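Notes follow the structure.
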Amino acid sequence: MRTAPSPSARPLRWTLALLFGLTTLFALPALAAEPNPTAANAALDWLRTQQTADGGFLGFTGESDPSSTADAVYAFAAAGVDPASVTMEGGADPLTYLIAQASGTAGNPGAAGKLLLALHAAGLPPDAAEPVDLVGEINAGYDPATGFYGQGLYQHTLAVLALTAYDLPVEQGALELFATAQIDDGSWGFTGEPIPGTGDSNTTALVVQALVSAGGDAQLIDSGVAYLLTLQRPDGSFAYDANTEAGDANSTALVIQALVAAGSDPAALPNGDALAALAAFQNPSGAFYWQAPATDDNLLATTQAVPALMLLPFPIPPVTVQPPGDDPLLDALVPQPPLADCAHSAATMHNVCGIFAEYWAANGGLAVFGYPLSETYTDESGMQVQYFERARFEHHPELEGTSYDVLLSRLGADIWKASRPFEPLPEPDTTNCMEFSETGQRVCGAFAEIWARDGGLAIFGYPLTVLVDEGGVAVQYFERARFELRPGEWPANQDVFLGRLGAETIEHVLAE
């Protein structure tokens, strides 16, 4: 069995949805919420313009800042982009910058924890900043008398998250501290002192994520979530604390991450969809603003928004970069950032370029072929090919200059041959039938209408079968397609589905 490359920090549920045809592409178990890669990618495009030559991202001082840069690393990794690939022309990448700044974490467990979380998101080991021992900095900063790693609860929580990210031991007193620091209303405050009225959404959301990551007390988590819900405003956003009237992007993003970590649905809340509320803070530039009326592009709001848009709590899952190997299909399945002069699918993070892009657009686009599932690559025969949900494109240079230099693979024929036998079904609609002497089959009713309307012989090929039962669905196989009759599953006149033959072929190849 071949193992597909880990697609640059895409969650496993996302990869399986692409390959195995889940009904909703980004569906999360028991959650109505779906990631918003379109908004996330627009935010990343803006973030790239904020990088400096040293690889860092600007902080409040107007110079590259380790904290801002770590936040940017979380954002790129959450959206499936290898942070090591993020550079301005002739500049360094953010990981190079962060590692160069690692000595600044001395005596600061929170800063060490934040850097470790960035290394983890980038798929690097905890010792990647040697000779600086980041884990040692965290452990050296533990005070058994107070239970704190460092100073204040925010620092402490970052340290705990970093240790749990790498499955490293956390002091028991450090975990018990979360119980003693919780305020009566279920919140936590920045300093960690349980003083009524001092709790805030940012600290509480981060603590909830740390408790979930550490397998902490469910009652503490539930009461923290209950407090967070009291801060949702009528527009669906979340405020910093009970004394703040308006919601802001940063608080909304952190709360979404906490809700996802705790198993709560951010799309189904008393005051509406928090993800939609977060997206409303996005400017036309792609950047996010903090809070109305301060609608200027804000780097911190933008970096914090992206993991929430992708429904990823801390610790952000690590990007695993697949090195070029001897299997071109596996390499081609790795999602990629946008390429110049190509159409880029935010849904699957793949590009469609050149003659394939022209063919896709001219012959039905998304409705007929679906999203791209791979980049263009050279197969074992030396041919340029690319997989889509419902097709595989082939470039035939020997036919250059004709209308046939792009052809579709006969995936319908291949899958039909491998899947026989099926139970024939009576034809429910024998109107508008077309007879094909080439294969001795006919196409009738809605299938005939769709076949003729959406491309006919050039796109779908000849019919290969009568109507057959496949898993309780009436289907008919063509050379390059499978038509599926699913009455009532789409609005009127949309009862015919095109089978996801490209995705099924990839699944079969990976299982070999």
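All residue names refer to the structure tokens as shown: chains lettered A, B, ... in order, residues numbered from 1 in each chain, ligands numbered from 1 in order.
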For region 69-76 of chain A, list every protein, DNA or RNA residue within 7 Å, evaluated using only C-alpha atoms, and leave out those in the same chain fewer than 5 positions away; present the list as an mmCIF file with N, CA and C atoms, in the first residue's frame.
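As a result, selection-v1.cif now contains:
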data_model
loop_
_atom_site.group_PDB
_atom_site.id
_atom_site.type_symbol
_atom_site.label_atom_id
_atom_site.label_comp_id
_atom_site.auth_asym_id
_atom_site.auth_seq_id
_atom_site.Cartn_x
_atom_site.Cartn_y
_atom_site.Cartn_z
ATOM 1 N N LEU A 44 -3.447 35.196 3.922
ATOM 2 C CA LEU A 44 -2.038 34.844 3.738
ATOM 3 C C LEU A 44 -1.396 35.647 2.619
ATOM 4 N N GLY A 56 11.328 37.808 9.270
ATOM 5 C CA GLY A 56 10.373 38.075 10.326
ATOM 6 C C GLY A 56 9.178 38.888 9.868
ATOM 7 N N PHE A 57 8.259 39.086 10.802
ATOM 8 C CA PHE A 57 7.079 39.912 10.580
ATOM 9 C C PHE A 57 7.058 41.009 11.629
ATOM 10 N N VAL A 81 0.442 25.734 4.390
ATOM 11 C CA VAL A 81 1.627 26.261 3.707
ATOM 12 C C VAL A 81 2.849 26.026 4.588
ATOM 13 N N ASP A 82 3.872 25.428 4.034
ATOM 14 C CA ASP A 82 5.106 25.201 4.765
ATOM 15 C C ASP A 82 5.735 26.556 5.096
ATOM 16 N N PRO A 83 5.867 26.913 6.379
ATOM 17 C CA PRO A 83 6.440 28.222 6.714
ATOM 18 C C PRO A 83 7.841 28.424 6.157
ATOM 19 N N PRO A 94 10.650 32.682 7.904
ATOM 20 C CA PRO A 94 10.362 33.018 9.300
ATOM 21 C C PRO A 94 10.979 32.064 10.305
ATOM 22 N N LYS A 114 6.063 29.859 23.109
ATOM 23 C CA LYS A 114 5.517 30.352 21.849
ATOM 24 C C LYS A 114 6.400 29.957 20.674
ATOM 25 N N LEU A 115 7.714 30.008 20.863
ATOM 26 C CA LEU A 115 8.629 29.594 19.803
ATOM 27 C C LEU A 115 8.528 28.098 19.552
ATOM 28 N N ALA A 118 5.656 27.314 17.406
ATOM 29 C CA ALA A 118 5.929 27.623 16.004
ATOM 30 C C ALA A 118 6.753 26.509 15.356
ATOM 31 N N ALA A 121 4.426 23.589 14.748
ATOM 32 C CA ALA A 121 3.553 23.812 13.601
ATOM 33 C C ALA A 121 4.300 23.648 12.286
ATOM 34 N N THR A 303 -3.123 37.320 11.585
ATOM 35 C CA THR A 303 -2.475 36.045 11.913
ATOM 36 C C THR A 303 -3.340 35.209 12.836
ATOM 37 N N GLN A 304 -4.037 35.846 13.770
ATOM 38 C CA GLN A 304 -4.867 35.074 14.692
ATOM 39 C C GLN A 304 -6.139 34.558 14.033
ATOM 40 N N VAL A 306 -6.479 33.299 10.934
ATOM 41 C CA VAL A 306 -6.329 32.186 9.992
ATOM 42 C C VAL A 306 -6.522 30.815 10.653
ATOM 43 N N PRO A 307 -5.861 30.495 11.781
ATOM 44 C CA PRO A 307 -6.127 29.177 12.374
ATOM 45 C C PRO A 307 -7.594 28.965 12.726
ATOM 46 N N ILE A 316 -1.171 23.923 16.851
ATOM 47 C CA ILE A 316 -1.449 23.752 15.433
ATOM 48 C C ILE A 316 -0.770 22.466 14.953
#
request  = Compile the contact shell of Phe483 (chain A) as a list in words: residues with an atom at most 7 Å away, counting only C-alpha atoms, same-chain residues fewer than 2 positions apart removed.
outcome  = Phe447, Val475, Gln476, Tyr477, Ala481, Leu485, Val496, Phe497, Leu498 and Gly499 of chain A
ask   = Quick one: residues within 8 Å of Leu134 (chain A), only C-alpha atoms counted, chain neighbours fewer than 5 positions away excluded, as a PyMOL selection string?
value = chain A and resi 102+105+112-113+116+126-127+129
Could you write out the selected residues, including N, CA and C atoms, as an mmCIF file, in the first residue's frame?
data_model
loop_
_atom_site.group_PDB
_atom_site.id
_atom_site.type_symbol
_atom_site.label_atom_id
_atom_site.label_comp_id
_atom_site.auth_asym_id
_atom_site.auth_seq_id
_atom_site.Cartn_x
_atom_site.Cartn_y
_atom_site.Cartn_z
ATOM 1 N N ALA A 102 16.238 32.851 19.162
ATOM 2 C CA ALA A 102 15.887 31.944 20.262
ATOM 3 C C ALA A 102 16.569 32.308 21.571
ATOM 4 N N THR A 105 14.732 34.058 24.489
ATOM 5 C CA THR A 105 13.746 33.407 25.344
ATOM 6 C C THR A 105 14.299 33.075 26.726
ATOM 7 N N ALA A 112 9.583 31.014 25.265
ATOM 8 C CA ALA A 112 10.100 29.726 24.803
ATOM 9 C C ALA A 112 8.965 28.840 24.315
ATOM 10 N N GLY A 113 7.852 28.880 25.035
ATOM 11 C CA GLY A 113 6.700 28.083 24.637
ATOM 12 C C GLY A 113 6.129 28.531 23.305
ATOM 13 N N LEU A 116 8.419 27.306 20.615
ATOM 14 C CA LEU A 116 8.261 25.863 20.435
ATOM 15 C C LEU A 116 6.989 25.527 19.667
ATOM 16 N N PRO A 126 11.761 19.662 18.803
ATOM 17 C CA PRO A 126 11.906 20.681 19.847
ATOM 18 C C PRO A 126 13.320 21.197 20.023
ATOM 19 N N ASP A 127 14.310 20.459 19.517
ATOM 20 C CA ASP A 127 15.696 20.908 19.652
ATOM 21 C C ASP A 127 16.186 21.651 18.411
ATOM 22 N N ALA A 129 16.224 24.648 17.710
ATOM 23 C CA ALA A 129 16.852 25.949 17.979
ATOM 24 C C ALA A 129 18.175 25.808 18.712
#
task = Apply DSSP to the backbone of this structure and, from region 214-361 of chain A, keep only the residues in strand (DSSP E or B); write these as JSON, numbers by chain.
result = {"A": [232, 238, 248, 282, 288, 291, 294, 298, 342, 343, 344, 345, 350, 351, 352, 353]}
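The protein and nucleic acid residues lying at most 7 Å from Ala33 (chain A) are A:Asp265, A:Pro266, A:Ala267, with only C-alpha atoms considered and sequence neighbours fewer than 4 positions away removed.
Rounded to one decimal, CA of Trp451 (chain A) and CA of His344 (chain A) lie 27.6 Å from each other.
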query = In terms of the shortest atom-to-atom distance over only C-alpha atoms, which of A:Val319, A:Ala159, A:Leu425, A:Ala218 is closest to Val466 (chain A)?
reply = A:Leu425
request  = Tell me, as an MDAnalysis selection string, which residues lie within 7 Å of region 257-260 of chain A, counting only C-alpha atoms; anything in the same chain fewer than 2 positions away does not count.
outcome  = chainID A and resid 205:206 208:209 225 253:255 262:266 308 311:313
Write a file of the just-selected residues containing C-alpha atoms, as a PDB file, in the first residue's frame.
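Here's the written file part-v2.pdb:
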ATOM      1  CA  ALA A 205      -9.817  30.624  25.314  1.00  0.00           C
ATOM      2  CA  LEU A 206      -6.114  29.813  25.457  1.00  0.00           C
ATOM      3  CA  VAL A 208      -9.379  25.916  27.412  1.00  0.00           C
ATOM      4  CA  GLN A 209      -7.161  24.824  24.521  1.00  0.00           C
ATOM      5  CA  VAL A 225     -16.712  27.509  27.514  1.00  0.00           C
ATOM      6  CA  ALA A 253     -10.717  33.920  16.567  1.00  0.00           C
ATOM      7  CA  LEU A 254      -9.370  32.653  19.883  1.00  0.00           C
ATOM      8  CA  VAL A 255     -12.846  31.724  21.098  1.00  0.00           C
ATOM      9  CA  ALA A 262     -13.806  21.586  23.370  1.00  0.00           C
ATOM     10  CA  GLY A 263     -16.101  20.026  20.773  1.00  0.00           C
ATOM     11  CA  SER A 264     -18.561  22.930  20.581  1.00  0.00           C
ATOM     12  CA  ASP A 265     -19.853  24.151  17.248  1.00  0.00           C
ATOM     13  CA  PRO A 266     -18.853  27.756  16.481  1.00  0.00           C
ATOM     14  CA  ALA A 308      -9.687  29.911  13.483  1.00  0.00           C
ATOM     15  CA  LEU A 311     -10.929  25.339  12.588  1.00  0.00           C
ATOM     16  CA  LEU A 312      -7.566  24.425  14.102  1.00  0.00           C
ATOM     17  CA  PRO A 313      -6.977  24.976  17.826  1.00  0.00           C
TER      18      PRO A 313
END
task = Mind the document's chain letters and residue numbers, and return as a ChimeraX atom specification the residues of region 109-279 of chain A that DSSP labels helix (DSSP H, G or I).
result = /A:109-121,134-140,153-165,172-181,201-214,218-229,249-262,274-279
All residues 12 Å or closer to Gly382 (chain A), only C-alpha atoms, same chain fewer than 5 positions away omitted, as a VMD selection string = chain A and resid 328 377 394 to 397
Those same residues - C-alpha atoms - I'd like them written as a compact mmCIF listing (two decimals), in the first residue's frame.
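Writing the result to selection_34.txt gives the following:
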# COMPACT_ATOMS: atom_id res chain seq x y z
CA PRO A 328 5.31 11.50 -8.99
CA TYR A 377 2.81 15.79 -13.18
CA GLU A 394 -3.93 14.06 -20.37
CA HIS A 395 -1.75 16.28 -22.54
CA HIS A 396 -0.95 14.76 -25.94
CA PRO A 397 1.80 16.90 -27.52
remark   = Min atom-atom distance to Thr180 (chain A) from the set A:Pro37, A:Gly236, A:Gly147, A:Gly123, counting only C-alpha atoms, belongs to A:Gly147
ask   = Do you know which residues are at most 10 Å from Ala179 (chain A) counting only C-alpha atoms, after dropping those on the same chain fewer than 2 positions away, and could you put them as an MDAnalysis selection string?
value = chainID A and resid 174:177 181:183 186 188 194 216:217 219:220
Write to file, as a compact mmCIF listing (two decimals), in the first residue's frame, the residues of the selection just made, with C-alpha atoms.
# COMPACT_ATOMS: atom_id res chain seq x y z
CA ALA A 174 1.17 23.41 36.68
CA LEU A 175 -2.05 21.63 35.70
CA GLU A 176 -3.59 22.04 39.14
CA LEU A 177 -2.93 25.76 38.86
CA ALA A 181 -6.71 30.30 38.98
CA GLN A 182 -10.23 29.93 37.59
CA ILE A 183 -12.57 32.74 38.58
CA GLY A 186 -15.64 30.25 34.75
CA TRP A 188 -9.36 33.07 33.65
CA PRO A 194 -8.78 34.56 40.65
CA GLY A 216 -7.43 18.31 31.77
CA ASP A 217 -10.54 18.49 33.94
CA GLN A 219 -15.58 20.50 34.34
CA LEU A 220 -13.02 23.30 34.11
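Picture a line from CA of Asn283 (chain A) to CA of Asp235 (chain A); it runs 17.1 Å.
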task = Please indicate the distance in Å from CA of Ser381 (chain A) to CA of Ala367 (chain A), rounded to one decimal place.
result = 29.1 Å
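You can rank A:Gly461, A:Pro317, A:Pro424, A:Pro487 by their closest distance to Gly80 (chain A) using only C-alpha atoms, and at the top of that list sits A:Pro317.
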Quick one: which region 398-457 of chain A residues come within 8 Å of region 390-393 of chain A, and what is the nearest atom pair for each with the distance in Å to one decimal, counting only C-alpha atoms, rows ordered by chain and ascending number, as JSON lines?
{"residue": "A:Val406", "atom": "CA", "partner": "A:Phe393", "partner_atom": "CA", "distance": 6.6}
{"residue": "A:Leu407", "atom": "CA", "partner": "A:Phe393", "partner_atom": "CA", "distance": 6.0}
{"residue": "A:Leu408", "atom": "CA", "partner": "A:Phe393", "partner_atom": "CA", "distance": 4.9}
{"residue": "A:Ser409", "atom": "CA", "partner": "A:Arg392", "partner_atom": "CA", "distance": 5.5}
{"residue": "A:Leu411", "atom": "CA", "partner": "A:Ala391", "partner_atom": "CA", "distance": 7.1}
